[in-house]
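For reference, structure_32.cif is printed below; it contains mmCIF, C-alpha atoms.
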```cif
data_data
#
loop_
_atom_site.label_atom_id
_atom_site.label_comp_id
_atom_site.auth_asym_id
_atom_site.auth_seq_id
_atom_site.Cartn_x
_atom_site.Cartn_y
_atom_site.Cartn_z
CA MET A 960 0.00 0.00 0.00
CA SER A 961 1.42 3.37 -0.93
CA ILE A 962 1.72 6.12 1.67
CA GLN A 963 -0.53 9.13 1.13
CA LYS A 964 1.40 12.07 2.61
CA TRP A 965 -0.53 15.01 3.98
CA ASP A 966 0.03 18.17 1.95
CA LYS A 967 0.80 21.51 3.61
CA ALA A 968 -2.86 22.51 3.77
CA GLU A 969 -3.78 19.24 5.44
CA VAL A 970 -1.02 19.66 8.03
CA ALA A 971 -2.19 23.24 8.67
CA GLN A 972 -5.75 21.90 9.02
CA ARG A 973 -4.63 19.35 11.62
CA VAL A 974 -2.81 22.03 13.63
CA ALA A 975 -5.84 24.32 13.41
CA ASN A 976 -8.19 21.56 14.60
CA ASP A 977 -6.08 21.11 17.74
CA ILE A 978 -6.17 24.80 18.73
CA PHE A 979 -8.84 25.17 21.37
CA GLU A 980 -11.57 27.80 21.73
CA GLY A 981 -10.23 30.87 23.53
CA ALA A 982 -6.56 30.08 22.93
CA TYR A 983 -4.00 32.88 22.58
CA VAL A 984 -1.75 31.79 19.73
CA ASN A 985 1.33 33.04 17.90
CA LEU A 986 1.81 31.66 14.40
CA GLY A 987 5.42 31.84 13.20
CA ILE A 988 6.54 33.19 9.86
CA GLY A 989 6.12 30.92 6.82
CA GLN A 990 4.12 27.69 6.87
CA PRO A 991 2.65 28.27 10.38
CA THR A 992 1.02 31.51 9.16
CA GLN A 993 -1.24 29.33 6.98
CA VAL A 994 -2.85 27.79 10.07
CA ALA A 995 -4.94 30.97 10.41
CA ASN A 996 -6.77 30.08 7.18
CA HIS A 997 -7.88 26.73 8.60
CA LEU A 998 -9.19 27.72 12.03
CA PRO A 999 -12.79 26.52 12.39
CA LYS A 1000 -15.16 29.45 11.82
CA ASP A 1001 -17.10 28.73 14.99
CA ARG A 1002 -14.02 28.79 17.19
CA GLU A 1003 -12.75 32.06 18.64
CA VAL A 1004 -8.93 32.10 18.74
CA ILE A 1005 -6.89 35.23 19.47
CA LEU A 1006 -3.77 35.61 17.36
CA HIS A 1007 -0.70 37.42 18.72
CA SER A 1008 1.96 39.07 16.59
CA GLU A 1009 5.25 39.86 18.30
CA ASN A 1010 5.37 43.38 16.87
CA GLY A 1011 2.61 44.34 19.28
CA ILE A 1012 -0.77 43.02 18.17
CA LEU A 1013 -3.38 40.83 19.86
CA GLY A 1014 -6.53 40.00 17.91
CA MET A 1015 -4.83 40.02 14.53
CA GLY A 1016 -7.17 39.44 11.60
CA PRO A 1017 -6.65 38.25 8.02
CA SER A 1018 -4.84 40.19 5.32
CA PRO A 1019 -6.83 43.15 3.96
CA PRO A 1020 -7.87 43.79 0.36
CA ASP A 1021 -5.27 45.87 -1.50
CA SER A 1022 -7.44 48.96 -1.13
CA ALA A 1023 -7.33 48.72 2.67
CA VAL A 1024 -3.61 48.06 3.21
CA ASP A 1025 -2.15 50.16 6.05
CA TYR A 1026 1.61 49.95 6.47
CA ASP A 1027 1.32 50.69 10.18
CA LEU A 1028 -0.64 47.44 10.56
CA ILE A 1029 1.62 44.52 9.64
CA ASN A 1030 2.46 41.12 11.10
CA ALA A 1031 5.85 39.80 12.21
CA GLY A 1032 6.47 38.68 8.64
CA LYS A 1033 5.94 42.33 7.66
CA GLN A 1034 2.82 41.54 5.61
CA PRO A 1035 -0.29 43.78 5.90
CA VAL A 1036 -2.93 42.43 8.29
CA THR A 1037 -6.12 43.68 9.94
CA LEU A 1038 -7.26 44.06 13.55
CA LEU A 1039 -10.34 42.26 14.82
CA LYS A 1040 -12.89 44.00 17.05
CA GLY A 1041 -11.46 43.72 20.56
CA GLY A 1042 -7.89 43.72 19.28
CA ALA A 1043 -5.13 45.66 21.04
CA PHE A 1044 -1.77 47.25 20.34
CA PHE A 1045 1.19 47.30 22.75
CA HIS A 1046 4.91 47.91 22.65
CA HIS A 1047 7.65 45.36 22.02
CA ALA A 1048 8.72 44.82 25.63
CA ASP A 1049 5.11 44.09 26.63
CA SER A 1050 4.67 41.85 23.61
CA PHE A 1051 7.63 39.69 24.58
CA ALA A 1052 6.70 39.85 28.26
CA MET A 1053 3.35 38.24 27.46
CA MET A 1054 5.27 35.61 25.53
CA ARG A 1055 8.07 34.99 28.03
CA GLY A 1056 5.66 35.27 30.92
CA GLY A 1057 3.78 32.20 29.73
CA HIS A 1058 0.57 33.99 28.81
CA LEU A 1059 0.41 32.66 25.25
CA ASP A 1060 -1.12 29.20 25.08
CA ILE A 1061 0.46 28.00 21.87
CA CYS A 1062 3.09 29.08 19.40
CA VAL A 1063 3.50 27.29 16.10
CA LEU A 1064 6.94 27.37 14.50
CA GLY A 1065 8.79 25.87 11.56
CA ALA A 1066 11.98 23.87 12.15
CA TYR A 1067 15.15 22.55 10.57
CA GLN A 1068 15.35 19.85 13.23
CA VAL A 1069 13.62 18.70 16.41
CA SER A 1070 15.35 16.26 18.75
CA VAL A 1071 13.67 13.36 20.52
CA THR A 1072 14.08 15.30 23.77
CA GLY A 1073 12.21 18.30 22.35
CA ASP A 1074 15.16 20.51 21.46
CA LEU A 1075 14.39 22.88 18.58
CA ALA A 1076 16.72 24.09 15.81
CA ASN A 1077 15.11 26.62 13.49
CA TRP A 1078 17.16 29.82 13.36
CA SER A 1079 20.49 28.96 11.77
CA THR A 1080 21.98 26.27 9.58
CA GLY A 1081 25.33 26.96 11.20
CA ASN A 1082 26.87 27.79 7.83
CA PRO A 1083 29.60 30.34 8.69
CA ALA A 1084 29.09 32.07 5.31
CA ASP A 1085 25.49 32.95 6.24
CA ILE A 1086 24.71 36.15 8.06
CA PRO A 1087 23.05 35.12 11.32
CA ALA A 1088 19.54 36.38 12.15
CA VAL A 1089 17.34 35.18 15.00
CA GLY A 1090 14.38 37.57 15.34
CA GLY A 1091 11.87 36.35 17.91
CA ALA A 1092 12.48 32.61 17.38
CA MET A 1093 14.28 31.97 20.68
CA ASP A 1094 11.78 34.03 22.67
CA LEU A 1095 8.84 32.20 21.10
CA ALA A 1096 10.37 28.76 21.54
CA VAL A 1097 10.66 29.05 25.32
CA GLY A 1098 7.87 31.52 26.00
CA ALA A 1099 4.53 29.99 25.08
CA LYS A 1100 2.92 27.35 27.29
CA GLU A 1101 3.25 24.92 24.37
CA THR A 1102 5.48 25.13 21.32
CA TRP A 1103 4.21 23.19 18.32
CA VAL A 1104 6.36 22.58 15.27
CA MET A 1105 5.18 22.17 11.66
CA MET A 1106 7.69 20.64 9.28
CA ASP A 1107 8.22 17.97 6.65
CA LEU A 1108 9.51 14.84 8.38
CA PHE A 1109 12.32 14.51 5.83
CA ASP A 1110 14.37 17.27 4.23
CA LYS A 1111 14.97 17.59 0.47
CA GLN A 1112 18.02 15.32 0.78
CA GLY A 1113 15.87 12.65 2.44
CA ARG A 1114 17.35 13.15 5.92
CA CYS A 1115 14.97 12.79 8.84
CA LYS A 1116 14.41 16.11 10.65
CA LEU A 1117 13.33 14.39 13.85
CA VAL A 1118 16.72 13.41 15.25
CA PRO A 1119 18.34 11.84 18.32
CA ALA A 1120 20.21 15.15 18.85
CA CYS A 1121 20.14 18.36 16.78
CA THR A 1122 23.17 19.01 14.62
CA TYR A 1123 22.00 22.52 13.70
CA PRO A 1124 22.43 25.35 16.25
CA LEU A 1125 19.72 25.21 18.92
CA THR A 1126 16.88 27.69 19.26
CA GLY A 1127 15.64 26.25 22.55
CA VAL A 1128 16.29 23.28 24.82
CA GLY A 1129 13.51 20.76 25.51
CA CYS A 1130 10.85 23.26 24.47
CA VAL A 1131 8.80 21.42 21.82
CA ALA A 1132 5.47 19.85 22.84
CA ARG A 1133 4.21 18.56 19.48
CA VAL A 1134 5.47 18.05 15.93
CA TYR A 1135 3.06 18.07 12.98
CA THR A 1136 4.62 16.59 9.85
CA ASP A 1137 3.50 15.40 6.43
CA LEU A 1138 3.74 11.76 7.61
CA ALA A 1139 2.80 11.71 11.28
CA ILE A 1140 1.95 13.78 14.33
CA PHE A 1141 4.22 13.42 17.35
CA VAL A 1142 3.51 14.47 20.94
CA PHE A 1143 6.13 14.67 23.68
CA THR A 1144 4.92 12.99 26.86
CA PRO A 1145 6.68 12.25 30.16
CA ASP A 1146 7.04 8.68 28.84
CA GLY A 1147 8.71 9.79 25.61
CA LEU A 1148 7.70 10.53 22.07
CA THR A 1149 4.22 9.38 21.13
CA VAL A 1150 2.67 9.16 17.66
CA THR A 1151 -0.97 10.27 17.63
CA ALA A 1152 -1.67 9.92 13.89
CA THR A 1153 0.06 8.63 10.78
CA ALA A 1154 -0.60 9.26 7.10
CA HIS A 1155 -2.82 6.72 5.32
CA GLY A 1156 -0.82 3.62 4.48
CA LEU A 1157 1.93 4.25 7.04
CA SER A 1158 2.18 1.88 10.00
CA LEU A 1159 3.92 2.71 13.26
CA GLU A 1160 6.49 -0.01 12.50
CA ALA A 1161 7.22 1.48 9.06
CA LEU A 1162 7.51 4.96 10.61
CA MET A 1163 10.06 3.64 13.12
CA ARG A 1164 12.04 1.97 10.32
CA MET A 1165 12.03 5.15 8.19
CA THR A 1166 13.11 7.41 11.05
CA GLY A 1167 15.32 4.99 12.92
CA LEU A 1168 13.57 6.10 16.09
CA THR A 1169 11.30 4.41 18.61
CA PHE A 1170 7.83 5.72 19.45
CA THR A 1171 4.79 4.62 21.37
CA SER A 1172 1.26 5.19 20.13
CA MET B 298 7.35 77.58 29.99
CA ILE B 299 8.31 74.09 28.96
CA ASN B 300 8.44 73.76 25.20
CA LYS B 301 9.90 70.56 23.79
CA ILE B 302 8.65 71.27 20.28
CA ALA B 303 11.66 71.73 18.01
CA PRO B 304 11.41 73.85 14.85
CA ASN B 305 13.25 71.26 12.77
CA VAL B 306 15.00 67.90 12.92
CA ALA B 307 18.53 69.33 13.21
CA ASP B 308 17.51 71.35 16.25
CA ALA B 309 15.71 68.35 17.76
CA ILE B 310 18.68 66.04 17.42
CA GLY B 311 21.25 68.64 18.47
CA THR B 312 24.85 67.55 18.98
CA VAL B 313 25.71 63.87 18.71
CA ALA B 314 29.20 62.87 19.84
CA ASP B 315 31.23 60.40 17.82
CA GLY B 316 30.94 56.94 19.34
CA SER B 317 27.40 57.50 20.62
CA THR B 318 24.86 54.71 20.99
CA VAL B 319 21.65 55.48 19.11
CA LEU B 320 18.39 53.59 19.66
CA ILE B 321 16.25 53.66 16.52
CA GLY B 322 12.63 52.43 16.56
CA GLY B 323 10.73 50.73 13.77
CA PHE B 324 9.72 47.25 12.66
CA GLY B 325 9.16 46.49 9.00
CA THR B 326 7.31 49.35 7.35
CA ALA B 327 5.88 50.55 10.66
CA GLY B 328 7.36 53.20 12.91
CA ILE B 329 10.65 53.90 11.17
CA PRO B 330 11.71 57.44 12.11
CA SER B 331 12.99 58.16 8.58
CA GLU B 332 13.26 61.96 8.92
CA LEU B 333 15.22 61.59 12.16
CA ILE B 334 17.61 59.07 10.60
CA GLU B 335 18.19 61.56 7.78
CA GLY B 336 18.88 64.15 10.46
CA LEU B 337 21.40 61.87 12.13
CA ILE B 338 23.18 61.34 8.79
CA ALA B 339 23.25 65.10 8.23
CA GLN B 340 24.55 65.63 11.75
CA GLY B 341 27.61 63.61 10.77
CA ALA B 342 28.57 61.72 13.93
CA ARG B 343 30.73 58.67 13.29
CA GLY B 344 31.72 55.49 15.11
CA LEU B 345 28.10 55.01 16.14
CA THR B 346 26.56 51.96 17.76
CA ILE B 347 23.05 51.52 16.37
CA VAL B 348 20.31 49.57 18.14
CA ASN B 349 17.40 48.58 15.88
CA ASN B 350 15.46 45.41 15.20
CA ASN B 351 17.01 45.14 11.74
CA ALA B 352 20.12 46.42 10.00
CA GLY B 353 18.68 48.57 7.25
CA ASN B 354 16.73 47.92 4.07
CA GLY B 355 17.39 49.05 0.52
CA ASP B 356 19.61 52.11 0.18
CA ALA B 357 17.69 54.67 2.25
CA GLY B 358 17.37 55.41 5.95
CA LEU B 359 19.46 53.19 8.22
CA ALA B 360 21.10 51.57 5.18
CA ARG B 361 22.28 55.02 4.06
CA LEU B 362 23.70 55.71 7.53
CA LEU B 363 25.60 52.42 7.30
CA LYS B 364 26.78 53.13 3.77
CA ALA B 365 28.06 56.54 4.84
CA GLY B 366 30.47 54.68 7.12
CA CYS B 367 29.02 56.22 10.29
CA VAL B 368 28.30 52.96 12.08
CA GLU B 369 30.87 50.87 13.94
CA LYS B 370 28.51 48.36 15.49
CA ILE B 371 24.90 47.28 15.19
CA ILE B 372 22.88 45.55 17.91
CA CYS B 373 19.82 43.88 16.38
CA SER B 374 17.78 40.69 16.15
CA PHE B 375 17.33 40.25 12.42
CA PRO B 376 19.95 41.81 10.11
CA ARG B 377 19.54 39.43 7.18
CA GLN B 378 16.74 40.44 4.82
CA SER B 379 16.13 40.23 1.10
CA ASP B 380 17.16 43.87 0.73
CA SER B 381 19.83 44.25 3.44
CA TRP B 382 22.66 44.41 0.89
CA VAL B 383 24.36 47.42 2.47
CA PHE B 384 24.74 45.69 5.84
CA ASP B 385 25.55 42.33 4.21
CA ASP B 386 28.43 43.84 2.27
CA LEU B 387 29.87 45.71 5.28
CA TYR B 388 29.54 42.59 7.46
CA ARG B 389 31.24 40.32 4.94
CA ARG B 390 34.10 42.82 4.60
CA LYS B 391 34.31 42.99 8.43
CA GLN B 392 33.65 46.74 8.31
CA ILE B 393 30.88 46.51 10.90
CA ALA B 394 30.47 44.63 14.17
CA LEU B 395 27.24 42.73 14.87
CA GLU B 396 25.77 41.82 18.24
CA LEU B 397 22.86 39.50 17.51
CA VAL B 398 20.20 39.55 20.24
CA PRO B 399 16.90 37.63 20.38
CA GLN B 400 14.12 40.14 19.77
CA GLY B 401 12.52 39.87 23.21
CA ASN B 402 15.88 40.12 24.95
CA LEU B 403 16.60 43.22 22.86
CA ALA B 404 13.34 44.88 23.94
CA GLU B 405 13.81 43.88 27.57
CA ARG B 406 17.47 44.98 27.72
CA ILE B 407 16.36 48.41 26.50
CA ARG B 408 13.46 48.42 28.96
CA ALA B 409 15.86 47.50 31.78
CA ALA B 410 18.09 50.46 30.95
CA GLY B 411 15.11 52.81 31.01
CA ALA B 412 13.80 51.36 34.26
CA GLY B 413 17.12 51.44 36.10
CA ILE B 414 17.39 47.66 36.28
CA GLY B 415 20.95 46.32 36.29
CA GLY B 416 20.13 43.36 34.05
CA PHE B 417 17.88 40.34 34.35
CA PHE B 418 17.76 36.57 34.06
CA THR B 419 15.76 35.27 31.07
CA PRO B 420 15.05 31.76 29.79
CA THR B 421 15.38 33.01 26.20
CA GLY B 422 18.55 31.79 24.55
CA TYR B 423 19.58 29.37 27.30
CA GLY B 424 21.64 26.53 25.87
CA THR B 425 22.11 28.31 22.52
CA ALA B 426 24.98 30.00 20.71
CA LEU B 427 23.55 33.39 21.72
CA ALA B 428 24.10 32.71 25.44
CA LYS B 429 27.63 34.01 24.88
CA LEU B 430 29.14 37.44 25.40
CA PRO B 431 30.60 39.29 22.39
CA SER B 432 34.00 38.09 23.71
CA GLY B 433 32.87 34.47 23.29
CA GLU B 434 32.74 33.84 27.04
CA PRO B 435 29.55 32.14 28.20
CA LYS B 436 27.01 34.46 29.82
CA GLU B 437 26.20 33.91 33.48
CA THR B 438 23.42 31.35 33.99
CA ARG B 439 21.32 30.50 37.01
CA LEU B 440 18.86 27.76 37.94
CA ILE B 441 15.72 29.43 39.31
CA ASN B 442 12.80 27.28 40.46
CA GLY B 443 13.96 24.38 38.35
CA ARG B 444 14.48 26.35 35.14
CA TRP B 445 17.69 27.69 33.62
CA TYR B 446 18.05 31.40 32.91
CA VAL B 447 20.71 33.56 31.21
CA TYR B 448 21.84 36.92 32.60
CA GLU B 449 21.36 39.82 30.18
CA THR B 450 22.61 43.39 30.66
CA PRO B 451 20.80 46.66 29.97
CA ILE B 452 21.23 48.56 26.69
CA ALA B 453 21.12 52.32 27.16
CA GLY B 454 21.32 54.95 24.45
CA ASP B 455 22.83 58.39 24.23
CA LEU B 456 20.13 59.22 21.71
CA ALA B 457 16.78 57.61 20.85
CA LEU B 458 14.90 58.29 17.60
CA VAL B 459 11.22 57.45 17.87
CA HIS B 460 8.34 57.66 15.38
CA ALA B 461 5.12 58.62 17.17
CA GLU B 462 1.69 59.84 16.11
CA CYS B 463 0.76 62.83 18.27
CA GLY B 464 2.88 64.89 20.61
CA ASP B 465 2.54 68.02 22.73
CA ARG B 466 4.92 70.63 24.11
CA TRP B 467 5.46 68.58 27.28
CA GLY B 468 6.64 65.67 25.14
CA ASN B 469 3.65 63.39 25.74
CA LEU B 470 3.26 60.90 22.89
CA THR B 471 0.73 58.59 21.30
CA TYR B 472 1.45 56.01 18.64
CA ARG B 473 -0.43 54.48 15.71
CA MET B 474 -1.14 50.74 15.44
CA ALA B 475 1.94 48.50 15.12
CA ALA B 476 4.12 51.58 14.54
CA ARG B 477 4.38 51.62 18.33
CA ASN B 478 6.75 48.61 18.43
CA PHE B 479 10.09 49.63 20.05
CA GLY B 480 9.20 53.34 20.39
CA PRO B 481 7.90 53.46 23.97
CA VAL B 482 10.76 51.37 25.41
CA MET B 483 13.48 53.16 23.47
CA ALA B 484 12.06 56.52 24.56
CA THR B 485 12.76 55.57 28.19
CA ALA B 486 16.32 54.40 27.68
CA ALA B 487 18.24 57.31 26.15
CA LYS B 488 19.77 60.49 27.53
CA HIS B 489 18.19 62.45 24.68
CA THR B 490 14.96 61.14 23.15
CA VAL B 491 13.65 62.73 19.98
CA ALA B 492 10.16 61.92 18.70
CA SER B 493 8.84 62.76 15.28
CA VAL B 494 5.06 63.12 15.22
CA ARG B 495 2.37 63.50 12.58
CA THR B 496 0.45 66.04 14.62
CA ILE B 497 1.37 68.47 17.36
CA LYS B 498 -1.48 68.83 19.84
CA ASN B 499 -2.14 71.61 22.32
CA LEU B 500 -1.41 70.75 25.92
CA GLY B 501 -4.44 68.88 27.30
CA GLU B 502 -5.75 67.90 23.88
CA ILE B 503 -4.37 64.36 24.12
CA ASP B 504 -6.59 62.36 26.46
CA PRO B 505 -4.36 61.59 29.50
CA GLU B 506 -5.75 58.04 29.40
CA HIS B 507 -4.33 57.65 25.88
CA ILE B 508 -0.81 58.93 26.46
CA VAL B 509 1.57 55.99 25.94
CA THR B 510 4.87 57.80 26.51
CA PRO B 511 4.65 60.46 29.20
CA GLY B 512 6.71 63.53 28.41
CA ILE B 513 9.25 62.90 31.19
CA TYR B 514 11.05 60.52 28.79
CA VAL B 515 11.09 62.88 25.83
CA ALA B 516 13.53 65.72 25.17
CA LYS B 517 12.32 67.00 21.79
CA VAL B 518 9.27 66.63 19.58
CA VAL B 519 9.37 67.50 15.90
CA CYS B 520 6.52 67.49 13.40
CA ARG B 521 6.83 65.44 10.22
CA ALA B 522 5.94 68.42 8.07
CA SER B 523 6.65 66.52 4.90
CA GLU B 524 4.31 63.62 5.63
CA ALA B 525 1.20 63.57 3.46
CA GLU B 526 -2.05 63.45 5.36
CA ARG B 527 -3.37 59.90 5.59
#
```

Show me the file's structure as structure tokens.
Amino acid sequence: MSIQKWDKAEVAQRVANDIFEGAYVNLGIGQPTQVANHLPKDREVILHSENGILGMGPSPPDSAVDYDLINAGKQPVTLLKGGAFFHHADSFAMMRGGHLDICVLGAYQVSVTGDLANWSTGNPADIPAVGGAMDLAVGAKETWVMMDLFDKQGRCKLVPACTYPLTGVGCVARVYTDLAIFVFTPDGLTVTATAHGLSLEALMRMTGLTFTS
Amino acid sequence: MINKIAPNVADAIGTVADGSTVLIGGFGTAGIPSELIEGLIAQGARGLTIVNNNAGNGDAGLARLLKAGCVEKIICSFPRQSDSWVFDDLYRRKQIALELVPQGNLAERIRAAGAGIGGFFTPTGYGTALAKLPSGEPKETRLINGRWYVYETPIAGDLALVHAECGDRWGNLTYRMAARNFGPVMATAAKHTVASVRTIKNLGEIDPEHIVTPGIYVAKVVCRASEAER
């Protein structure tokens, strides 16, 4: 039986389904931003943007773009009724202070102990840039990662120990991938869902790792 | 009578010594004090340390200040952008020093300076390559209630350049939407804070409940005369 991978929209849909009513959520730049498009319409979720917005709404039509109202990815957004603005130190205080319920981030690698690597490939020729990645990784009550399980070279991104520079230590709670969803529990790494046609045994063979379900 | 309203940018900025540290607000397209950066370039101080979230975009504003060779060091969270070629070139030629700081640590280090706090322990960056001093020595760490924290020091400025919305002659300020970003914290952390505003209000016209930066933090307010009405 062939494996039917989840595409990016399906992964975003699965993340969105797991975000609970009333949650305060920060969606990282890139793929995680797409989660906003999949949140159930009957569920009220408050989105945070680290440049000082709570209650962030979808992107506006071109005619309503306001360059004072942008998200952390510097794209134009809107403000929902009830939304608020605040300065950068407050924005990161609400993050670091554990007031955000969930942040969703992309990753280069996640280790089996929940370490996250998503800010640098460690290539000395690259100019380093970190932004809010390290603050987000350790700040929210739960950090969820969205990534492909294998990189373009076919290397597994869920690893025994990260080889890329770390963003945070032991900070990841869940990993949503195109092949399976992983949850970190006190007993270790648990698989809560796999793509159609993929057994737990096959997943362990592919990754070289051991999981419970 | 107190009057912090300056007739022009040059007067507002005044004298800037070589080697000064300048805090510059702005995030993306929002809250960049472009006229004040132009004023700083015109002022001509060199050997500056610049504190900003980024390291300049395109060829204008902060990028132009960098290109003019006025900047010795930049403290920021995200220098690398699609249009940060001026910084990229200087960095690769080792013509500029970079202190990379996680964005929340950057904001809080500035806040600490403004609040008279001698540093703080933060979980952000623990166990990472950024938990090191510019010298390469590891930063001090401490286990507090079962969690590891890194000690971070305050960042104070000689000058802060802030983009606000409304201001009055006492220096009270309001901001607009996400253009607030670093403005209110930077305003507290410099010896000389200059705010550019869209509108100058009479004293008492800004609702006291809406003032974000009380005038005590602000030295000069200058109107963005050139800005088109929104």

For chain A against chain B, which residues fall within 8 Å using only C-alpha atoms, given as an NGL selection string?
:A and (1010-1012 or 1026-1029 or 1033 or 1044-1048 or 1051-1052 or 1055 or 1086-1094 or 1097-1098 or 1124-1128)

Atoms kept (C-alpha atoms) for selection, written as a PDB file, keeping the file's coordinate frame:
```pdb
ATOM      1  CA  ASN A1010       5.370  43.380  16.870  1.00  0.00           C
ATOM      2  CA  GLY A1011       2.610  44.340  19.280  1.00  0.00           C
ATOM      3  CA  ILE A1012      -0.770  43.020  18.170  1.00  0.00           C
ATOM      4  CA  TYR A1026       1.610  49.950   6.470  1.00  0.00           C
ATOM      5  CA  ASP A1027       1.320  50.690  10.180  1.00  0.00           C
ATOM      6  CA  LEU A1028      -0.640  47.440  10.560  1.00  0.00           C
ATOM      7  CA  ILE A1029       1.620  44.520   9.640  1.00  0.00           C
ATOM      8  CA  LYS A1033       5.940  42.330   7.660  1.00  0.00           C
ATOM      9  CA  PHE A1044      -1.770  47.250  20.340  1.00  0.00           C
ATOM     10  CA  PHE A1045       1.190  47.300  22.750  1.00  0.00           C
ATOM     11  CA  HIS A1046       4.910  47.910  22.650  1.00  0.00           C
ATOM     12  CA  HIS A1047       7.650  45.360  22.020  1.00  0.00           C
ATOM     13  CA  ALA A1048       8.720  44.820  25.630  1.00  0.00           C
ATOM     14  CA  PHE A1051       7.630  39.690  24.580  1.00  0.00           C
ATOM     15  CA  ALA A1052       6.700  39.850  28.260  1.00  0.00           C
ATOM     16  CA  ARG A1055       8.070  34.990  28.030  1.00  0.00           C
ATOM     17  CA  ILE A1086      24.710  36.150   8.060  1.00  0.00           C
ATOM     18  CA  PRO A1087      23.050  35.120  11.320  1.00  0.00           C
ATOM     19  CA  ALA A1088      19.540  36.380  12.150  1.00  0.00           C
ATOM     20  CA  VAL A1089      17.340  35.180  15.000  1.00  0.00           C
ATOM     21  CA  GLY A1090      14.380  37.570  15.340  1.00  0.00           C
ATOM     22  CA  GLY A1091      11.870  36.350  17.910  1.00  0.00           C
ATOM     23  CA  ALA A1092      12.480  32.610  17.380  1.00  0.00           C
ATOM     24  CA  MET A1093      14.280  31.970  20.680  1.00  0.00           C
ATOM     25  CA  ASP A1094      11.780  34.030  22.670  1.00  0.00           C
ATOM     26  CA  VAL A1097      10.660  29.050  25.320  1.00  0.00           C
ATOM     27  CA  GLY A1098       7.870  31.520  26.000  1.00  0.00           C
ATOM     28  CA  PRO A1124      22.430  25.350  16.250  1.00  0.00           C
ATOM     29  CA  LEU A1125      19.720  25.210  18.920  1.00  0.00           C
ATOM     30  CA  THR A1126      16.880  27.690  19.260  1.00  0.00           C
ATOM     31  CA  GLY A1127      15.640  26.250  22.550  1.00  0.00           C
ATOM     32  CA  VAL A1128      16.290  23.280  24.820  1.00  0.00           C
TER      33      VAL A1128
END
```

Select, from B:Leu333, B:Ala410, B:Ile497, B:Ala352, the residue with the minimum atom-to-atom distance to Leu387 in chain B, counting only C-alpha atoms.
B:Ala352

For this structure, which residues satisfy the selection - the PyMOL selection byres ((chain A and resi 1130) around 8) - when it is evaluated on the file as given? I want them as a PyMOL selection string.
chain A and resi 1073-1075+1096-1097+1101-1102+1127-1129+1131-1132

Can I get the selection written as a compact mmCIF listing (two decimals), in the frame of the given file, with C-alpha atoms?
```txt
# COMPACT_ATOMS: atom_id res chain seq x y z
CA GLY A 1073 12.21 18.30 22.35
CA ASP A 1074 15.16 20.51 21.46
CA LEU A 1075 14.39 22.88 18.58
CA ALA A 1096 10.37 28.76 21.54
CA VAL A 1097 10.66 29.05 25.32
CA GLU A 1101 3.25 24.92 24.37
CA THR A 1102 5.48 25.13 21.32
CA GLY A 1127 15.64 26.25 22.55
CA VAL A 1128 16.29 23.28 24.82
CA GLY A 1129 13.51 20.76 25.51
CA VAL A 1131 8.80 21.42 21.82
CA ALA A 1132 5.47 19.85 22.84
```

Do a neighbour search on range 1159-1167 of chain A at 9 Å with all atoms listed in the file, toss out local chain neighbours closer than 6 positions, and write the hits as a ChimeraX atom specification.
/A:1108-1109,1114-1118,1138-1139,1150,1153

Once you have the residues from the selection above, write them out as a PDB file, in the frame of the given file, restricted to C-alpha atoms.
```
ATOM      1  CA  LEU A1108       9.510  14.840   8.380  1.00  0.00           C
ATOM      2  CA  PHE A1109      12.320  14.510   5.830  1.00  0.00           C
ATOM      3  CA  ARG A1114      17.350  13.150   5.920  1.00  0.00           C
ATOM      4  CA  CYS A1115      14.970  12.790   8.840  1.00  0.00           C
ATOM      5  CA  LYS A1116      14.410  16.110  10.650  1.00  0.00           C
ATOM      6  CA  LEU A1117      13.330  14.390  13.850  1.00  0.00           C
ATOM      7  CA  VAL A1118      16.720  13.410  15.250  1.00  0.00           C
ATOM      8  CA  LEU A1138       3.740  11.760   7.610  1.00  0.00           C
ATOM      9  CA  ALA A1139       2.800  11.710  11.280  1.00  0.00           C
ATOM     10  CA  VAL A1150       2.670   9.160  17.660  1.00  0.00           C
ATOM     11  CA  THR A1153       0.060   8.630  10.780  1.00  0.00           C
TER      12      THR A1153
END
```

Any chance you could resolve the PyMOL selection byres ((chain A and resi 1061) around 9) against this file and give the residues as a list in words?
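The output of the PyMOL selection byres ((chain A and resi 1061) around 9) on this file is Ile978, Ala982, Tyr983, Val984, Asn985, Leu986, Leu1059, Asp1060, Cys1062, Val1063, Ala1099, Lys1100, Glu1101, Thr1102 and Trp1103 of chain A.
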
The residues within 10 Å of (21.9, 63.2, 9.2), using only C-alpha atoms and the coordinates of the file, should be reported as a PyMOL selection string; which are they?
chain B and resi 306-307+310+332-342+358+361-362

Which residue gives the smallest distance to Ile321 in chain B among B:Met298, B:Cys463, B:Val491, B:Ile441, with all atoms listed in the file counted?
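Of all the options, B:Val491 lies closest to Ile321 in chain B.
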
Would you compute the distance between CA of Lys301 in chain B and CA of Ala412 in chain B? Give it in Å to one decimal.
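Going from CA of Lys301 in chain B over to CA of Ala412 in chain B covers 22.2 Å.
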
List the residues matched by the PyMOL selection byres ((chain B and resi 487) around 12) in the displayed structure as a ChimeraX atom specification, ordered by chain and then by residue number.
/B:317-321,348,407-413,451-459,480-486,488-492,513-516

One decimal, Å: what's the distance from CA of Ala394 in chain B over to CA of Pro431 in chain B, could you say?
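Those two atoms sit 9.8 Å apart.
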
Which value, in Å to one decimal, gives the distance between CA of Gly344 in chain B and CA of Gly322 in chain B?
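For CA of Gly344 in chain B relative to CA of Gly322 in chain B, the distance reads 19.4 Å.
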